[in-house]
Amino acid sequence: MSSTDSTLLRPRLLGRTTVNAVVLISVLYTLLPVLWLVLAASKGPDALFGSDLLSLKDFSFGQNLRDLFAMDDGQYGRWYLNSLLYAVLGAGVGALVSVAAGYAFDKYRFLHKEKLFGLVLAAVMVPQTVLALPLYLLASKTGLVNTFWAVFIPVLFNPFGVYLGRIFSQGYVPDEVLEAARMDGAGELVAYFRVALRMLGPGLVTVFLFQLTTIWNNFFLPMVMLSDQDLYPVSLGLYQWNSSASVSPEYYPVVIMGSLLAVLPLILAFILLQRFWRGGLTAGAVK
Amino acid sequence: MTATTQSSVPATAPRTAAPASDTRARKAARRRQLAACGVLMTPFFALLVTVFLIPVGTAVYLSFFSDDQPGLGFGPERSVFVGLRSYTAVLTDPTFLGGLGTVALYCLIYIPLMVVGALALALLLDSGVVRLRAWAQLGLFLPHAVPGIIAALIWLYLYTPGISPIIDLFAHADITIDFLGVHTVIPSIVNIALWSNLGYNMVVFYAALQAVPREVIEASVVDGAGPVRTALQVKTPLVRASIVMVAMFTLIWALQLFTEPVLLSQSSPMISSRFSPSMYIYDAAFTRNNYSLAAAASVILLLFTIALSYGVTRWTSRADAQEAR
């Protein structure tokens, strides 16, 4: 009996080990480059180019940090604030706009509704690079090119948020609740802002987080729209510095340190809002 | 994806009212609802028109017109209708066709690797034998929080001799490897994209797998299917909707390939300024200031995207129909 048990057990044990090994290797693949960034950020230029990352000599995390914020009259701090402004404000306003439209798509009936919704879904597919030149021409005609608004207004548009908003509204806001609010004599908009929006909270956070990520990552649009370095987001600023680095290597440590700091807000947002976006992903994936 | 059902608008008029005032009250309620619907939708559709419809229309318009200098170069420039001239120019331009080929090769390597890799990891994590599952998921997801340009920066350094510990490691084993050479540059870009998005798509698949009813899996285990067979023949078909969605979004993003090659082009002579269609558009519009050429290339890229996405949905819905039969 025991001999058959062990022969049965051996392949299963082997399977478990293989599975865990594959997952471990994948996790190392995703984590090690980030670890490299952390280690490289704490190194002076000599250790960086000696690829001598694990030794503790030449530890200059603080020095790199000071250099980063001192470089080019503290441009980095300005870029960071710009990015926060574009991303947090843009994602906040954008999520409210998209979820409101998604809710209206779910709860109201009107002519050509599904055709209109099809247009929204089609907008998800259109590459940003296709829109860049016309947007640039439009912005230069209205005098908005190279201003805050040239980057801020286009990023508010989030058709995928409308799609998610519609699904969340279906899932979280029962029609009965709406009907009860109407019975109580609440107007339609009051019912939305006082009752429905509260129930849509987790969905709103998910859309916000998705949009925050997209805007924080945004690179192409600012590259097209902005020539004033004071308006750059971090992504474009680091790109600029990296292109200077090939000529003046003193930029390398600050680019690495700047990259490390630019990763932090999203990690923070994802960890703090974890409860919400996990549910949001399920909604997006299952339907 | 569009499988949303029509929701009914609940009747709002009180039932006790007389029929005539009933219909009037109903009409008033309907008007109020439409007004509210309009208010909720206006901000979004204002954006849709200004930053989507008008730009798409402008791109199409620009692609048919060209700024021609009037005779001898005197006087203001004016737009002249040139028909399909810009399209012919783009489609016969070897650099544009080369860019299309590059993106096609990139998609062929990247999309299968991404879909299979993310699905395999999700199935492994769903199998219940992985230790520290929540931590593994968090670790895999981490690169999603790294902005694309910074992911490209990190990997650019990891591809750069003298900085990269990877190249150093290979050198110790007497292997010289050039990550940015002729044959390695596309796989190197695939690697950056894969690294950035693998964990995110894994989480999407994992969420879908969690929604598979446990009874279905138990039934297959009772039927004597091993864990591998359960994963491949029971679980995988049940999450097909998410597979299609992930493949579709991966495709749409892959066709826009821009950020990674632009950054790598700062250090690799293998990447020209027209490496991908998106880079071609940028180069035509903002380096060569040839708006009609850029617009025509934009429209072509747009048509490609639409055709391929439509193909994916059609292909999968036909597979679904065959399955149902």
# chains A, B, ... in the order shown; residues from 1 in each chain; ligands from 1

$ interface_residues --of "chain A" --to "chain B" --cutoff "7 Å" --atoms "only C-alpha atoms" --output "number ranges by chain"
A: 16, 19-20, 23, 27, 30-31, 33, 37, 48-51, 97-98, 100-101, 104, 106-109, 125-127, 129-131, 133-135, 154, 157, 179, 182, 188-189, 216-217, 235, 243, 259, 263, 266-267, 281-282, 285-287

$ write_last_selection --atoms "N, CA and C atoms" --output "CSV table (one decimal), in the first residue's frame"
chain,number,residue,atom,x,y,z
A,16,ARG,N,4.2,20.1,-8.1
A,16,ARG,CA,4.1,21.3,-7.2
A,16,ARG,C,5.4,22.1,-7.3
A,19,VAL,N,5.6,23.9,-10.6
A,19,VAL,CA,4.7,25.1,-10.6
A,19,VAL,C,5.3,26.2,-9.8
A,20,ASN,N,5.8,25.9,-8.6
A,20,ASN,CA,6.4,27.0,-7.8
A,20,ASN,C,7.6,27.6,-8.4
A,23,VAL,N,6.6,30.0,-11.2
A,23,VAL,CA,6.1,31.2,-10.7
A,23,VAL,C,7.2,32.1,-10.1
A,27,VAL,N,8.3,35.8,-11.1
A,27,VAL,CA,8.4,36.9,-10.2
A,27,VAL,C,9.7,37.6,-10.2
A,30,THR,N,10.0,39.9,-13.1
A,30,THR,CA,9.3,41.2,-12.9
A,30,THR,C,10.0,42.1,-11.9
A,31,LEU,N,10.5,41.4,-10.8
A,31,LEU,CA,11.0,42.2,-9.7
A,31,LEU,C,12.5,42.7,-9.9
A,33,PRO,N,14.4,43.9,-12.3
A,33,PRO,CA,14.7,45.2,-12.9
A,33,PRO,C,14.4,46.3,-12.0
A,37,LEU,N,16.9,49.1,-10.3
A,37,LEU,CA,16.6,50.6,-10.3
A,37,LEU,C,16.9,51.1,-8.9
A,48,LEU,N,28.2,52.8,-10.8
A,48,LEU,CA,27.2,52.6,-11.8
A,48,LEU,C,27.8,52.0,-13.0
A,49,PHE,N,28.9,52.6,-13.5
A,49,PHE,CA,29.5,52.2,-14.7
A,49,PHE,C,30.4,51.0,-14.5
A,50,GLY,N,30.8,50.7,-13.2
A,50,GLY,CA,31.5,49.5,-13.0
A,50,GLY,C,30.6,48.3,-12.8
A,51,SER,N,29.3,48.5,-13.0
A,51,SER,CA,28.3,47.5,-12.8
A,51,SER,C,28.5,46.7,-11.5
A,97,VAL,N,-16.8,62.3,-15.3
A,97,VAL,CA,-17.4,62.5,-16.6
A,97,VAL,C,-17.8,61.1,-17.2
A,98,SER,N,-16.8,60.2,-17.2
A,98,SER,CA,-17.1,58.9,-17.8
A,98,SER,C,-18.1,58.1,-17.1
A,100,ALA,N,-20.5,59.1,-15.2
A,100,ALA,CA,-21.9,59.7,-15.4
A,100,ALA,C,-22.5,59.3,-16.7
A,101,ALA,N,-21.6,59.3,-17.8
A,101,ALA,CA,-22.1,58.9,-19.1
A,101,ALA,C,-22.5,57.4,-19.1
A,104,ALA,N,-25.8,56.9,-17.4
A,104,ALA,CA,-26.9,57.3,-18.2
A,104,ALA,C,-27.1,56.3,-19.3
A,106,ASP,N,-26.7,53.2,-19.0
A,106,ASP,CA,-27.4,52.0,-18.3
A,106,ASP,C,-28.8,52.3,-18.0
A,107,LYS,N,-29.1,53.5,-17.4
A,107,LYS,CA,-30.4,53.7,-16.7
A,107,LYS,C,-31.4,54.3,-17.6
A,108,TYR,N,-31.0,54.9,-18.7
A,108,TYR,CA,-32.0,55.7,-19.5
A,108,TYR,C,-32.2,55.0,-20.9
A,109,ARG,N,-33.4,55.2,-21.4
A,109,ARG,CA,-33.6,54.7,-22.8
A,109,ARG,C,-33.8,55.9,-23.7
A,125,MET,N,-10.7,52.0,-29.6
A,125,MET,CA,-9.7,51.3,-30.5
A,125,MET,C,-8.8,52.3,-31.2
A,126,VAL,N,-9.2,53.6,-31.3
A,126,VAL,CA,-8.4,54.5,-32.1
A,126,VAL,C,-7.1,54.9,-31.5
A,127,PRO,N,-6.0,54.6,-32.2
A,127,PRO,CA,-4.7,54.9,-31.6
A,127,PRO,C,-4.5,56.4,-31.4
A,129,THR,N,-1.8,58.0,-31.6
A,129,THR,CA,-0.9,58.7,-32.5
A,129,THR,C,-1.7,59.2,-33.7
A,130,VAL,N,-2.9,58.6,-34.0
A,130,VAL,CA,-3.7,59.0,-35.1
A,130,VAL,C,-4.3,60.4,-34.8
A,131,LEU,N,-4.6,60.6,-33.5
A,131,LEU,CA,-5.2,61.9,-33.2
A,131,LEU,C,-4.3,63.0,-32.9
A,133,LEU,N,-1.7,64.6,-34.5
A,133,LEU,CA,-1.5,65.8,-35.4
A,133,LEU,C,-2.7,66.7,-35.5
A,134,PRO,N,-3.9,66.1,-35.7
A,134,PRO,CA,-5.1,67.0,-35.7
A,134,PRO,C,-5.3,67.7,-34.4
A,135,LEU,N,-5.0,67.1,-33.3
A,135,LEU,CA,-5.2,67.7,-32.0
A,135,LEU,C,-4.2,68.9,-31.9
A,154,PRO,N,-7.4,66.8,-23.5
A,154,PRO,CA,-7.5,65.5,-24.2
A,154,PRO,C,-7.4,64.3,-23.3
A,157,PHE,N,-10.7,62.5,-21.8
A,157,PHE,CA,-11.5,61.7,-22.6
A,157,PHE,C,-11.2,60.2,-22.4
A,179,GLU,N,-36.0,53.9,-8.4
A,179,GLU,CA,-37.4,54.0,-8.4
A,179,GLU,C,-37.9,54.6,-7.1
A,182,ARG,N,-37.3,58.1,-6.8
A,182,ARG,CA,-38.2,58.9,-7.5
A,182,ARG,C,-39.5,59.0,-6.8
A,188,GLU,N,-34.2,63.6,-10.9
A,188,GLU,CA,-33.3,62.6,-11.5
A,188,GLU,C,-31.9,62.8,-11.2
A,189,LEU,N,-31.4,64.1,-11.2
A,189,LEU,CA,-30.0,64.4,-11.0
A,189,LEU,C,-29.7,64.3,-9.5
A,216,TRP,N,-0.4,59.4,-16.0
A,216,TRP,CA,0.9,59.4,-15.4
A,216,TRP,C,1.9,58.8,-16.5
A,217,ASN,N,1.5,57.9,-17.3
A,217,ASN,CA,2.3,57.3,-18.3
A,217,ASN,C,2.4,58.1,-19.6
A,235,SER,N,7.6,62.2,-17.3
A,235,SER,CA,8.0,61.3,-18.3
A,235,SER,C,8.8,62.0,-19.4
A,243,SER,N,18.3,62.0,-23.1
A,243,SER,CA,19.0,62.3,-24.4
A,243,SER,C,20.2,63.2,-24.2
A,259,SER,N,13.7,58.4,-12.1
A,259,SER,CA,12.8,57.3,-12.5
A,259,SER,C,12.3,56.6,-11.3
A,263,VAL,N,8.2,56.3,-10.0
A,263,VAL,CA,7.4,55.0,-9.9
A,263,VAL,C,6.6,55.0,-8.7
A,266,LEU,N,2.3,55.7,-8.3
A,266,LEU,CA,1.4,54.7,-8.8
A,266,LEU,C,1.4,53.5,-7.9
A,267,ILE,N,2.6,53.1,-7.4
A,267,ILE,CA,2.7,51.9,-6.5
A,267,ILE,C,1.8,52.2,-5.3
A,281,LEU,N,-11.4,45.0,-12.0
A,281,LEU,CA,-10.9,44.2,-13.1
A,281,LEU,C,-11.8,43.0,-13.3
A,282,THR,N,-12.4,42.5,-12.3
A,282,THR,CA,-13.3,41.3,-12.5
A,282,THR,C,-14.5,41.8,-13.4
A,285,ALA,N,-13.5,42.0,-16.9
A,285,ALA,CA,-13.0,40.8,-17.5
A,285,ALA,C,-14.1,39.8,-17.8
A,286,VAL,N,-15.1,39.7,-16.8
A,286,VAL,CA,-16.0,38.7,-16.9
A,286,VAL,C,-17.1,38.9,-18.0
A,287,LYS,N,-17.5,40.2,-18.1
A,287,LYS,CA,-18.6,40.6,-19.0
A,287,LYS,C,-18.2,40.3,-20.4

$ closest_residue --among "B:Ala307, B:Val182, B:Ile192, B:Leu293" --to "Asp93 of chain B" --atoms "only C-alpha atoms"
B:Leu293

$ select_by_dssp --residues "segment 7-237 of chain A" --states "helix (DSSP H, G or I)" --output "PyMOL selection string"
chain A and resi 7-41+45-49+61-107+113-125+128-141+148-156+159-172+175-183+188-199+201-217+220-225+229-231+234-237

$ atom_distance --atom1 "atom CA of Trp36 of chain A" --atom2 "atom CA of Ser188 of chain B"
17.6 Å

$ closest_residue --among "A:Met223, A:Asn64, A:Gln274, A:Ala41" --to "Ala134 of chain B" --atoms "only C-alpha atoms"
A:Gln274

$ select_by_dssp --residues "segment 16-190 of chain B" --states "strand (DSSP E or B)" --output "list in words"
Phe65, Ser66, Asp67, Asp68, Arg78, Ser79, Val80 and Phe81 of chain B

$ closest_residue --among "B:Leu91, B:Ser268, B:Ser86, B:Ala225" --to "Ser246 of chain A" --atoms "only C-alpha atoms"
B:Ser268

$ residues_around --residues "Gly62 of chain A" --least-positions-apart "2" --cutoff "12 Å" --atoms "only C-alpha atoms" --output "MDAnalysis selection string"
chainID A and resid 41:44 58:60 64:69 253:254 257

$ write_last_selection --atoms "N, CA and C atoms" --output "PDB file, in the first residue's frame"
ATOM      1  N   ALA A  41      20.076  53.550  -8.100  1.00  0.00           N
ATOM      2  CA  ALA A  41      19.793  54.907  -7.627  1.00  0.00           C
ATOM      3  C   ALA A  41      20.666  55.271  -6.435  1.00  0.00           C
ATOM      4  N   SER A  42      21.190  54.255  -5.763  1.00  0.00           N
ATOM      5  CA  SER A  42      21.981  54.544  -4.564  1.00  0.00           C
ATOM      6  C   SER A  42      23.473  54.570  -4.871  1.00  0.00           C
ATOM      7  N   LYS A  43      23.816  54.488  -6.152  1.00  0.00           N
ATOM      8  CA  LYS A  43      25.228  54.413  -6.512  1.00  0.00           C
ATOM      9  C   LYS A  43      25.725  55.708  -7.134  1.00  0.00           C
ATOM     10  N   GLY A  44      26.977  56.007  -6.847  1.00  0.00           N
ATOM     11  CA  GLY A  44      27.630  57.095  -7.544  1.00  0.00           C
ATOM     12  C   GLY A  44      27.964  56.662  -8.958  1.00  0.00           C
ATOM     13  N   ASP A  58      30.780  53.608  -2.033  1.00  0.00           N
ATOM     14  CA  ASP A  58      30.204  54.577  -2.960  1.00  0.00           C
ATOM     15  C   ASP A  58      28.671  54.622  -2.833  1.00  0.00           C
ATOM     16  N   PHE A  59      28.185  54.543  -1.601  1.00  0.00           N
ATOM     17  CA  PHE A  59      26.752  54.649  -1.375  1.00  0.00           C
ATOM     18  C   PHE A  59      26.378  56.127  -1.413  1.00  0.00           C
ATOM     19  N   SER A  60      25.595  56.535  -2.394  1.00  0.00           N
ATOM     20  CA  SER A  60      25.334  57.980  -2.490  1.00  0.00           C
ATOM     21  C   SER A  60      23.875  58.258  -2.819  1.00  0.00           C
ATOM     22  N   ASN A  64      22.613  61.592  -4.638  1.00  0.00           N
ATOM     23  CA  ASN A  64      21.863  61.534  -5.889  1.00  0.00           C
ATOM     24  C   ASN A  64      20.540  62.288  -5.788  1.00  0.00           C
ATOM     25  N   LEU A  65      19.912  62.130  -4.614  1.00  0.00           N
ATOM     26  CA  LEU A  65      18.629  62.805  -4.389  1.00  0.00           C
ATOM     27  C   LEU A  65      18.820  64.326  -4.429  1.00  0.00           C
ATOM     28  N   ARG A  66      19.870  64.796  -3.755  1.00  0.00           N
ATOM     29  CA  ARG A  66      20.151  66.246  -3.753  1.00  0.00           C
ATOM     30  C   ARG A  66      20.446  66.725  -5.172  1.00  0.00           C
ATOM     31  N   ASP A  67      21.275  65.929  -5.881  1.00  0.00           N
ATOM     32  CA  ASP A  67      21.629  66.294  -7.258  1.00  0.00           C
ATOM     33  C   ASP A  67      20.384  66.388  -8.131  1.00  0.00           C
ATOM     34  N   LEU A  68      19.472  65.425  -7.922  1.00  0.00           N
ATOM     35  CA  LEU A  68      18.267  65.370  -8.750  1.00  0.00           C
ATOM     36  C   LEU A  68      17.479  66.666  -8.636  1.00  0.00           C
ATOM     37  N   PHE A  69      17.280  67.112  -7.390  1.00  0.00           N
ATOM     38  CA  PHE A  69      16.448  68.304  -7.223  1.00  0.00           C
ATOM     39  C   PHE A  69      17.215  69.593  -7.464  1.00  0.00           C
ATOM     40  N   PRO A 253      23.027  59.450 -13.258  1.00  0.00           N
ATOM     41  CA  PRO A 253      22.514  59.189 -11.897  1.00  0.00           C
ATOM     42  C   PRO A 253      21.193  59.907 -11.615  1.00  0.00           C
ATOM     43  N   VAL A 254      21.030  61.121 -12.129  1.00  0.00           N
ATOM     44  CA  VAL A 254      19.786  61.832 -11.828  1.00  0.00           C
ATOM     45  C   VAL A 254      18.615  61.223 -12.600  1.00  0.00           C
ATOM     46  N   MET A 257      17.689  58.148 -10.530  1.00  0.00           N
ATOM     47  CA  MET A 257      16.995  58.535  -9.297  1.00  0.00           C
ATOM     48  C   MET A 257      15.615  59.119  -9.620  1.00  0.00           C
TER      49      MET A 257
END

$ residues_around --residues "Val234 of chain B" --least-positions-apart "6" --cutoff "8 Å" --atoms "only C-alpha atoms" --output "number ranges by chain"
B: 216-217, 220

$ write_last_selection --atoms "C-alpha atoms" --output "PDB file, in the first residue's frame"
ATOM      1  CA  VAL B 216     -17.611  22.784 -12.715  1.00  0.00           C
ATOM      2  CA  ILE B 217     -14.046  22.187 -11.603  1.00  0.00           C
ATOM      3  CA  SER B 220     -14.085  17.530 -13.863  1.00  0.00           C
TER       4      SER B 220
END

$ residues_around --residues "Val80 of chain B" --least-positions-apart "4" --cutoff "9 Å" --atoms "only C-alpha atoms" --output "MDAnalysis selection string"
chainID B and resid 64:68

$ write_last_selection --atoms "N, CA and C atoms" --output "CSV table (one decimal), in the first residue's frame"
chain,number,residue,atom,x,y,z
B,64,PHE,N,-6.4,64.3,-47.8
B,64,PHE,CA,-6.8,64.5,-49.2
B,64,PHE,C,-6.4,65.9,-49.7
B,65,PHE,N,-5.8,66.7,-48.8
B,65,PHE,CA,-5.4,68.1,-49.3
B,65,PHE,C,-3.9,68.2,-49.0
B,66,SER,N,-3.3,69.2,-49.7
B,66,SER,CA,-1.9,69.4,-49.5
B,66,SER,C,-1.7,70.9,-49.6
B,67,ASP,N,-0.7,71.4,-48.8
B,67,ASP,CA,-0.4,72.8,-48.9
B,67,ASP,C,0.6,73.0,-50.0
B,68,ASP,N,0.1,73.5,-51.1
B,68,ASP,CA,1.0,73.7,-52.3
B,68,ASP,C,1.4,75.2,-52.3
